[in-house]
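Data file: final25.txt. Format and content: compact mmCIF, N, CA and C atoms.
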```txt
# COMPACT_ATOMS: atom_id res chain seq x y z
N MET A 26 0.84 -1.17 0.00
CA MET A 26 0.00 0.00 0.00
C MET A 26 0.89 1.24 0.00
N ALA A 27 0.53 2.21 -0.82
CA ALA A 27 1.33 3.44 -0.92
C ALA A 27 1.17 4.29 0.32
N ARG A 28 2.27 4.89 0.72
CA ARG A 28 2.26 5.77 1.91
C ARG A 28 1.70 7.13 1.51
N LEU A 29 0.78 7.62 2.31
CA LEU A 29 0.24 8.95 2.07
C LEU A 29 1.07 9.96 2.83
N ASP A 30 1.45 11.02 2.16
CA ASP A 30 2.14 12.11 2.86
C ASP A 30 1.09 13.06 3.39
N PHE A 31 0.96 13.07 4.70
CA PHE A 31 -0.04 13.92 5.31
C PHE A 31 0.49 15.34 5.40
N PHE A 32 -0.42 16.24 5.39
CA PHE A 32 -0.05 17.65 5.45
C PHE A 32 -0.69 18.26 6.69
N ASP A 33 -0.21 19.39 7.06
CA ASP A 33 -0.75 20.13 8.19
C ASP A 33 -2.00 20.86 7.70
N VAL A 34 -3.17 20.42 8.18
CA VAL A 34 -4.44 20.98 7.72
C VAL A 34 -4.51 22.48 8.00
N ARG A 35 -3.75 22.94 8.99
CA ARG A 35 -3.75 24.38 9.28
C ARG A 35 -3.13 25.19 8.14
N GLN A 36 -2.43 24.52 7.24
CA GLN A 36 -1.81 25.20 6.10
C GLN A 36 -2.69 25.17 4.85
N CYS A 37 -3.84 24.53 4.95
CA CYS A 37 -4.77 24.44 3.81
C CYS A 37 -5.58 25.73 3.73
N VAL A 38 -5.49 26.42 2.61
CA VAL A 38 -6.20 27.69 2.43
C VAL A 38 -7.71 27.48 2.57
N CYS A 39 -8.23 26.46 1.94
CA CYS A 39 -9.67 26.20 2.00
C CYS A 39 -10.12 25.91 3.43
N ALA A 40 -9.38 25.08 4.13
CA ALA A 40 -9.74 24.74 5.51
C ALA A 40 -9.70 25.99 6.39
N ALA A 41 -8.71 26.84 6.19
CA ALA A 41 -8.60 28.06 7.00
C ALA A 41 -9.77 29.00 6.71
N LEU A 42 -10.15 29.13 5.46
CA LEU A 42 -11.29 29.97 5.11
C LEU A 42 -12.58 29.42 5.70
N ARG A 43 -12.72 28.11 5.68
CA ARG A 43 -13.93 27.50 6.25
C ARG A 43 -13.98 27.68 7.77
N ARG A 44 -12.83 27.57 8.44
CA ARG A 44 -12.80 27.81 9.90
C ARG A 44 -13.18 29.26 10.19
N ALA A 45 -12.63 30.19 9.42
CA ALA A 45 -12.95 31.60 9.61
C ALA A 45 -14.43 31.85 9.33
N ASP A 46 -14.95 31.21 8.29
CA ASP A 46 -16.37 31.36 7.95
C ASP A 46 -17.25 30.88 9.11
N ARG A 47 -16.92 29.73 9.68
CA ARG A 47 -17.72 29.21 10.78
C ARG A 47 -17.66 30.15 11.99
N ALA A 48 -16.49 30.68 12.30
CA ALA A 48 -16.34 31.58 13.44
C ALA A 48 -17.14 32.87 13.22
N MET A 49 -17.04 33.43 12.04
CA MET A 49 -17.76 34.67 11.75
C MET A 49 -19.26 34.43 11.69
N THR A 50 -19.66 33.33 11.09
CA THR A 50 -21.08 32.99 11.02
C THR A 50 -21.66 32.86 12.42
N GLN A 51 -20.91 32.23 13.32
CA GLN A 51 -21.38 32.06 14.70
C GLN A 51 -21.59 33.42 15.36
N THR A 52 -20.67 34.35 15.15
CA THR A 52 -20.79 35.69 15.73
C THR A 52 -22.04 36.39 15.19
N TYR A 53 -22.20 36.39 13.88
CA TYR A 53 -23.37 37.05 13.29
C TYR A 53 -24.66 36.38 13.75
N ASP A 54 -24.69 35.04 13.76
CA ASP A 54 -25.89 34.32 14.18
C ASP A 54 -26.26 34.63 15.63
N GLU A 55 -25.27 34.70 16.51
CA GLU A 55 -25.54 35.01 17.91
C GLU A 55 -26.15 36.40 18.06
N ILE A 56 -25.61 37.36 17.34
CA ILE A 56 -26.11 38.73 17.44
C ILE A 56 -27.47 38.87 16.77
N LEU A 57 -27.69 38.14 15.67
CA LEU A 57 -28.98 38.19 14.97
C LEU A 57 -30.07 37.35 15.65
N ALA A 58 -29.71 36.52 16.61
CA ALA A 58 -30.66 35.58 17.22
C ALA A 58 -31.99 36.21 17.64
N PRO A 59 -32.00 37.40 18.26
CA PRO A 59 -33.29 37.97 18.67
C PRO A 59 -34.25 38.23 17.49
N SER A 60 -33.71 38.35 16.29
CA SER A 60 -34.55 38.59 15.11
C SER A 60 -35.15 37.30 14.57
N GLY A 61 -34.61 36.15 15.00
CA GLY A 61 -35.06 34.87 14.48
C GLY A 61 -34.40 34.50 13.16
N LEU A 62 -33.46 35.31 12.71
CA LEU A 62 -32.77 35.05 11.44
C LEU A 62 -31.34 34.57 11.69
N HIS A 63 -30.86 33.72 10.77
CA HIS A 63 -29.44 33.38 10.67
C HIS A 63 -28.84 34.34 9.65
N ILE A 64 -27.53 34.49 9.68
CA ILE A 64 -26.88 35.41 8.74
C ILE A 64 -27.15 35.00 7.29
N THR A 65 -27.24 33.71 7.02
CA THR A 65 -27.52 33.25 5.66
C THR A 65 -28.90 33.73 5.20
N GLN A 66 -29.87 33.73 6.11
CA GLN A 66 -31.21 34.20 5.79
C GLN A 66 -31.22 35.72 5.65
N PHE A 67 -30.52 36.39 6.54
CA PHE A 67 -30.46 37.85 6.48
C PHE A 67 -29.89 38.31 5.15
N THR A 68 -28.78 37.69 4.72
CA THR A 68 -28.16 38.13 3.46
C THR A 68 -29.05 37.84 2.26
N LEU A 69 -29.81 36.75 2.31
CA LEU A 69 -30.76 36.49 1.22
C LEU A 69 -31.85 37.56 1.18
N LEU A 70 -32.41 37.87 2.34
CA LEU A 70 -33.45 38.91 2.39
C LEU A 70 -32.89 40.26 1.94
N ALA A 71 -31.67 40.57 2.38
CA ALA A 71 -31.05 41.84 1.99
C ALA A 71 -30.78 41.88 0.49
N GLY A 72 -30.32 40.76 -0.05
CA GLY A 72 -30.10 40.68 -1.49
C GLY A 72 -31.39 40.87 -2.27
N LEU A 73 -32.45 40.26 -1.78
CA LEU A 73 -33.76 40.42 -2.43
C LEU A 73 -34.27 41.85 -2.31
N ALA A 74 -34.02 42.50 -1.19
CA ALA A 74 -34.46 43.88 -1.01
C ALA A 74 -33.81 44.78 -2.06
N GLN A 75 -32.59 44.45 -2.46
CA GLN A 75 -31.88 45.25 -3.46
C GLN A 75 -32.26 44.87 -4.89
N ALA A 76 -32.58 43.61 -5.13
CA ALA A 76 -32.69 43.13 -6.51
C ALA A 76 -34.07 42.64 -6.94
N ALA A 77 -34.98 42.37 -6.02
CA ALA A 77 -36.25 41.74 -6.36
C ALA A 77 -37.15 42.70 -7.13
N PRO A 78 -38.01 42.18 -8.00
CA PRO A 78 -38.14 40.76 -8.33
C PRO A 78 -36.96 40.30 -9.19
N ILE A 79 -36.55 39.07 -8.96
CA ILE A 79 -35.37 38.54 -9.64
C ILE A 79 -35.56 37.04 -9.86
N SER A 80 -35.03 36.53 -10.96
CA SER A 80 -35.14 35.10 -11.22
C SER A 80 -34.26 34.33 -10.25
N ILE A 81 -34.64 33.09 -10.00
CA ILE A 81 -33.84 32.25 -9.11
C ILE A 81 -32.42 32.10 -9.66
N ASN A 82 -32.29 31.92 -10.96
CA ASN A 82 -30.96 31.77 -11.54
C ASN A 82 -30.11 33.01 -11.32
N ARG A 83 -30.68 34.17 -11.54
CA ARG A 83 -29.93 35.43 -11.37
C ARG A 83 -29.61 35.65 -9.89
N LEU A 84 -30.54 35.34 -9.00
CA LEU A 84 -30.29 35.50 -7.56
C LEU A 84 -29.18 34.56 -7.12
N ALA A 85 -29.17 33.34 -7.64
CA ALA A 85 -28.10 32.40 -7.31
C ALA A 85 -26.75 32.97 -7.74
N GLU A 86 -26.69 33.55 -8.92
CA GLU A 86 -25.45 34.21 -9.38
C GLU A 86 -25.05 35.33 -8.44
N LEU A 87 -26.00 36.19 -8.12
CA LEU A 87 -25.75 37.34 -7.25
C LEU A 87 -25.23 36.91 -5.89
N MET A 88 -25.79 35.82 -5.35
CA MET A 88 -25.42 35.35 -4.02
C MET A 88 -24.20 34.41 -4.05
N GLY A 89 -23.75 34.03 -5.24
CA GLY A 89 -22.58 33.16 -5.35
C GLY A 89 -22.85 31.74 -4.89
N MET A 90 -24.06 31.24 -5.21
CA MET A 90 -24.39 29.87 -4.82
C MET A 90 -25.09 29.16 -5.98
N ASP A 91 -25.13 27.85 -5.91
CA ASP A 91 -25.82 27.11 -6.96
C ASP A 91 -27.33 27.18 -6.72
N ARG A 92 -28.07 26.92 -7.79
CA ARG A 92 -29.53 27.04 -7.75
C ARG A 92 -30.16 26.11 -6.72
N THR A 93 -29.64 24.89 -6.61
CA THR A 93 -30.20 23.91 -5.67
C THR A 93 -30.06 24.40 -4.23
N THR A 94 -28.89 24.90 -3.87
CA THR A 94 -28.66 25.43 -2.53
C THR A 94 -29.57 26.62 -2.27
N LEU A 95 -29.66 27.51 -3.25
CA LEU A 95 -30.52 28.68 -3.09
C LEU A 95 -31.97 28.27 -2.87
N THR A 96 -32.46 27.35 -3.67
CA THR A 96 -33.84 26.89 -3.54
C THR A 96 -34.08 26.30 -2.15
N ARG A 97 -33.13 25.51 -1.67
CA ARG A 97 -33.24 24.92 -0.33
C ARG A 97 -33.24 26.03 0.74
N ASN A 98 -32.39 27.06 0.57
CA ASN A 98 -32.31 28.14 1.55
C ASN A 98 -33.54 29.06 1.50
N LEU A 99 -34.19 29.13 0.36
CA LEU A 99 -35.41 29.94 0.24
C LEU A 99 -36.61 29.27 0.91
N GLY A 100 -36.57 27.94 1.04
CA GLY A 100 -37.70 27.19 1.59
C GLY A 100 -38.23 27.73 2.91
N PRO A 101 -37.36 27.85 3.94
CA PRO A 101 -37.86 28.38 5.22
C PRO A 101 -38.36 29.82 5.11
N LEU A 102 -37.75 30.61 4.24
CA LEU A 102 -38.20 32.00 4.07
C LEU A 102 -39.58 32.05 3.42
N ARG A 103 -39.84 31.11 2.52
CA ARG A 103 -41.17 30.99 1.91
C ARG A 103 -42.19 30.56 2.96
N GLN A 104 -41.81 29.57 3.76
CA GLN A 104 -42.73 29.06 4.78
C GLN A 104 -43.12 30.13 5.79
N GLN A 105 -42.19 31.02 6.09
CA GLN A 105 -42.46 32.12 7.02
C GLN A 105 -43.28 33.23 6.35
N GLY A 106 -43.40 33.17 5.02
CA GLY A 106 -44.13 34.21 4.31
C GLY A 106 -43.30 35.44 4.01
N TRP A 107 -41.96 35.31 4.09
CA TRP A 107 -41.08 36.45 3.88
C TRP A 107 -40.68 36.63 2.43
N VAL A 108 -40.74 35.56 1.63
CA VAL A 108 -40.47 35.64 0.20
C VAL A 108 -41.55 34.89 -0.55
N ARG A 109 -41.71 35.25 -1.78
CA ARG A 109 -42.66 34.58 -2.67
C ARG A 109 -41.90 34.15 -3.91
N VAL A 110 -42.14 32.92 -4.36
CA VAL A 110 -41.53 32.41 -5.59
C VAL A 110 -42.67 32.06 -6.53
N GLU A 111 -42.67 32.71 -7.70
CA GLU A 111 -43.76 32.53 -8.66
C GLU A 111 -43.21 32.34 -10.07
N GLU A 112 -44.07 31.91 -10.95
CA GLU A 112 -43.69 31.82 -12.36
C GLU A 112 -43.47 33.22 -12.90
N GLY A 113 -42.45 33.34 -13.76
CA GLY A 113 -42.21 34.61 -14.43
C GLY A 113 -43.06 34.69 -15.69
N GLU A 114 -42.85 35.75 -16.47
CA GLU A 114 -43.56 35.88 -17.74
C GLU A 114 -43.26 34.68 -18.62
N ASP A 115 -42.00 34.28 -18.63
CA ASP A 115 -41.60 33.03 -19.28
C ASP A 115 -41.86 31.95 -18.24
N HIS A 116 -42.79 31.05 -18.51
CA HIS A 116 -43.23 30.07 -17.51
C HIS A 116 -42.14 29.11 -17.06
N ARG A 117 -41.01 29.11 -17.76
CA ARG A 117 -39.88 28.26 -17.34
C ARG A 117 -39.05 28.93 -16.25
N VAL A 118 -39.27 30.22 -16.03
CA VAL A 118 -38.47 31.00 -15.08
C VAL A 118 -39.25 31.22 -13.80
N ARG A 119 -38.58 30.98 -12.66
CA ARG A 119 -39.17 31.24 -11.34
C ARG A 119 -38.61 32.57 -10.85
N VAL A 120 -39.51 33.44 -10.38
CA VAL A 120 -39.14 34.78 -9.93
C VAL A 120 -39.36 34.89 -8.43
N VAL A 121 -38.38 35.47 -7.73
CA VAL A 121 -38.44 35.62 -6.28
C VAL A 121 -38.69 37.08 -5.94
N THR A 122 -39.62 37.31 -5.01
CA THR A 122 -39.87 38.65 -4.50
C THR A 122 -39.88 38.62 -2.98
N LEU A 123 -39.60 39.77 -2.40
CA LEU A 123 -39.63 39.95 -0.96
C LEU A 123 -41.02 40.46 -0.59
N THR A 124 -41.68 39.79 0.35
CA THR A 124 -43.02 40.21 0.76
C THR A 124 -42.93 41.38 1.74
N GLU A 125 -44.06 41.98 2.04
CA GLU A 125 -44.08 43.05 3.05
C GLU A 125 -43.60 42.53 4.40
N GLU A 126 -44.02 41.30 4.75
CA GLU A 126 -43.56 40.69 6.00
C GLU A 126 -42.05 40.51 5.99
N GLY A 127 -41.52 40.12 4.84
CA GLY A 127 -40.06 39.96 4.70
C GLY A 127 -39.34 41.28 4.86
N LYS A 128 -39.91 42.33 4.31
CA LYS A 128 -39.31 43.67 4.45
C LYS A 128 -39.30 44.08 5.92
N GLN A 129 -40.38 43.77 6.65
CA GLN A 129 -40.45 44.12 8.07
C GLN A 129 -39.41 43.36 8.89
N VAL A 130 -39.29 42.06 8.63
CA VAL A 130 -38.30 41.24 9.34
C VAL A 130 -36.90 41.76 9.06
N LEU A 131 -36.63 42.08 7.81
CA LEU A 131 -35.32 42.62 7.43
C LEU A 131 -35.06 43.94 8.14
N ALA A 132 -36.04 44.81 8.17
CA ALA A 132 -35.88 46.11 8.83
C ALA A 132 -35.61 45.94 10.32
N GLN A 133 -36.28 44.98 10.95
CA GLN A 133 -36.06 44.73 12.38
C GLN A 133 -34.70 44.11 12.65
N ALA A 134 -34.20 43.30 11.71
CA ALA A 134 -32.91 42.61 11.90
C ALA A 134 -31.72 43.49 11.52
N THR A 135 -31.93 44.51 10.71
CA THR A 135 -30.82 45.31 10.21
C THR A 135 -29.99 45.95 11.32
N PRO A 136 -30.58 46.53 12.37
CA PRO A 136 -29.73 47.08 13.44
C PRO A 136 -28.86 46.02 14.12
N LEU A 137 -29.37 44.79 14.22
CA LEU A 137 -28.58 43.71 14.80
C LEU A 137 -27.41 43.36 13.87
N TRP A 138 -27.70 43.31 12.56
CA TRP A 138 -26.63 43.05 11.60
C TRP A 138 -25.58 44.15 11.68
N GLN A 139 -26.02 45.40 11.79
CA GLN A 139 -25.08 46.52 11.89
C GLN A 139 -24.19 46.36 13.13
N GLN A 140 -24.78 45.90 14.22
CA GLN A 140 -24.01 45.65 15.44
C GLN A 140 -22.96 44.57 15.20
N ALA A 141 -23.35 43.48 14.53
CA ALA A 141 -22.41 42.39 14.23
C ALA A 141 -21.30 42.88 13.30
N GLN A 142 -21.69 43.64 12.30
CA GLN A 142 -20.73 44.17 11.34
C GLN A 142 -19.72 45.08 12.05
N LYS A 143 -20.22 45.94 12.92
CA LYS A 143 -19.36 46.85 13.67
C LYS A 143 -18.38 46.06 14.55
N GLN A 144 -18.90 45.01 15.19
CA GLN A 144 -18.05 44.18 16.05
C GLN A 144 -16.94 43.52 15.24
N MET A 145 -17.28 43.00 14.07
CA MET A 145 -16.26 42.34 13.23
C MET A 145 -15.21 43.34 12.77
N ILE A 146 -15.64 44.52 12.37
CA ILE A 146 -14.69 45.53 11.91
C ILE A 146 -13.79 45.96 13.06
N GLN A 147 -14.35 46.09 14.26
CA GLN A 147 -13.53 46.44 15.43
C GLN A 147 -12.53 45.33 15.76
N GLN A 148 -12.98 44.09 15.65
CA GLN A 148 -12.09 42.96 15.95
C GLN A 148 -10.95 42.86 14.96
N LEU A 149 -11.27 43.01 13.68
CA LEU A 149 -10.28 42.79 12.62
C LEU A 149 -9.54 44.06 12.24
N GLY A 150 -10.15 45.21 12.45
CA GLY A 150 -9.57 46.47 12.00
C GLY A 150 -10.06 46.80 10.60
N LEU A 151 -10.42 48.06 10.40
CA LEU A 151 -10.98 48.49 9.12
C LEU A 151 -10.04 48.21 7.95
N GLU A 152 -8.75 48.48 8.13
CA GLU A 152 -7.79 48.24 7.05
C GLU A 152 -7.75 46.77 6.66
N HIS A 153 -7.78 45.89 7.66
CA HIS A 153 -7.76 44.46 7.37
C HIS A 153 -9.05 44.02 6.67
N VAL A 154 -10.18 44.57 7.10
CA VAL A 154 -11.46 44.22 6.47
C VAL A 154 -11.45 44.66 5.01
N GLU A 155 -11.00 45.87 4.75
CA GLU A 155 -10.93 46.36 3.37
C GLU A 155 -9.99 45.51 2.53
N ALA A 156 -8.85 45.14 3.09
CA ALA A 156 -7.91 44.28 2.38
C ALA A 156 -8.52 42.90 2.15
N LEU A 157 -9.23 42.39 3.15
CA LEU A 157 -9.88 41.08 3.03
C LEU A 157 -10.90 41.10 1.90
N PHE A 158 -11.75 42.14 1.85
CA PHE A 158 -12.71 42.27 0.76
C PHE A 158 -12.02 42.25 -0.59
N ALA A 159 -10.94 43.02 -0.71
CA ALA A 159 -10.21 43.09 -1.99
C ALA A 159 -9.64 41.73 -2.37
N GLU A 160 -9.03 41.05 -1.41
CA GLU A 160 -8.43 39.74 -1.67
C GLU A 160 -9.49 38.69 -2.02
N LEU A 161 -10.59 38.68 -1.27
CA LEU A 161 -11.65 37.71 -1.54
C LEU A 161 -12.31 37.97 -2.89
N THR A 162 -12.52 39.24 -3.22
CA THR A 162 -13.08 39.59 -4.52
C THR A 162 -12.16 39.11 -5.64
N ALA A 163 -10.87 39.35 -5.49
CA ALA A 163 -9.90 38.89 -6.50
C ALA A 163 -9.91 37.37 -6.62
N ALA A 164 -9.99 36.68 -5.48
CA ALA A 164 -10.02 35.20 -5.51
C ALA A 164 -11.26 34.69 -6.20
N ILE A 165 -12.40 35.32 -5.92
CA ILE A 165 -13.66 34.90 -6.56
C ILE A 165 -13.60 35.15 -8.06
N GLU A 166 -13.13 36.31 -8.45
CA GLU A 166 -13.06 36.65 -9.88
C GLU A 166 -12.09 35.74 -10.62
N SER A 167 -10.97 35.38 -9.98
CA SER A 167 -9.99 34.53 -10.66
C SER A 167 -10.44 33.07 -10.76
N SER A 168 -11.43 32.69 -9.94
CA SER A 168 -11.90 31.31 -9.99
C SER A 168 -12.96 31.10 -11.05
N HIS A 169 -13.44 32.17 -11.65
CA HIS A 169 -14.48 32.04 -12.68
C HIS A 169 -13.90 32.15 -14.03
```
Kindly return the structure encoded in the file as structure tokens.
Amino acid sequence: MARLDFFDVRQCVCAALRRADRAMTQTYDEILAPSGLHITQFTLLAGLAQAAPISINRLAELMGMDRTTLTRNLGPLRQQGWVRVEEGEDHRVRVVTLTEEGKQVLAQATPLWQQAQKQMIQQLGLEHVEALFAELTAAIESSH
């Protein structure tokens, strides 16, 4: 049997990004908890507030996720009555809109998100956050 050369997982870029993602997600989720939203739900509602009505395919592009994941993530938001998914003019296209209830939930959660955002910027430092955005944007663009 061939010997596997193991590596230090702490040196894996993907693993490090995933650890950072989990830590940041936990912080945002804890601060958003009184709103009943997770950060993943908040960002979907916020994205819809900016772009709706929008096709599922276009929203998936905007959010940087595949259509299946987006559809699964929209499910609880639909059940709560915060988003509506309907046929578009082209019956093959599904269009997502933010309901009035969704707008209210988003408005109530936004100050909590602002608190989480402020905390992260204070923890990391504004210069580091700006550099992180630039680096992550470059990484995303180079992967496509």
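The smallest atom-to-atom distance between Glu112 in chain A and any of A:Gln139, A:Ser80, A:Gln36, A:Thr93, using only C-alpha atoms, is found for A:Ser80.
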Residue list (helix (DSSP H, G or I), DSSP) for range 31-159 of chain A, as a PyMOL selection string: chain A and resi 34-36+38-60+64-76+81-88+92-104+125-149+151-159
message: Based on the backbone DSSP call, show me all residues of range 51-131 of chain A assigned strand (DSSP E), as a list in words.
response: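 Answer for range 51-131 of chain A restricted to strand (DSSP E) is Ile79, Ser80, Val108, Arg109, Val110, Glu111, Glu112, Arg119, Val120, Val121, Thr122 and Leu123 of chain A.
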- request: Quote the spacing between CA of Thr122 in chain A and atom C of Tyr53 in chain A in Å to one decimal place.
  value: 23.9 Å
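Between CA of Met88 in chain A and CA of Gly61 in chain A lies a distance of 20.9 Å.
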- request: Calculate how many Å separate CA of Ile81 in chain A from CA of Arg119 in chain A, rounding to one decimal.
  value: 5.9 Å
- prompt: Which neighbours of Leu73 in chain A fall inside 8 Å, counting all atoms listed in the file, when residues of the same chain fewer than 6 positions from it are skipped, and could you give them as a list in words?
  reply: Phe67, Ile79, Leu84, Val121, Thr122 and Leu123 of chain A
- line: Shortest contact to Leu137 in chain A, candidates A:Ser60, A:Asn82, A:Thr96, A:Thr124, atoms counted all atoms listed in the file, goes to A:Ser60
field: Spatial neighbours of Leu69 in chain A, 8 Å, all atoms listed in the file, chain gap at least 6 places, as an MDAnalysis selection string
entry: chainID A and resid 63 75 88 98
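Closest approach to Gln133 in chain A among A:Ala45, A:Ala74, A:Pro59, A:Val120: A:Pro59, based on all atoms listed in the file.
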- request: Could you check which of A:Val154, A:Met49, A:Val38, A:Leu102 is closest to Gln66 in chain A, using all atoms listed in the file?
  value: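 The closest residue to Gln66 in chain A is A:Leu102.
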- request: Would you mind listing what lies within 7 Å of Ala141 in chain A as an NGL selection string, with all atoms listed in the file counted and same-chain residues fewer than 3 positions away left out?
  value: :A and (52-53 or 56-57 or 136-138 or 144-146)
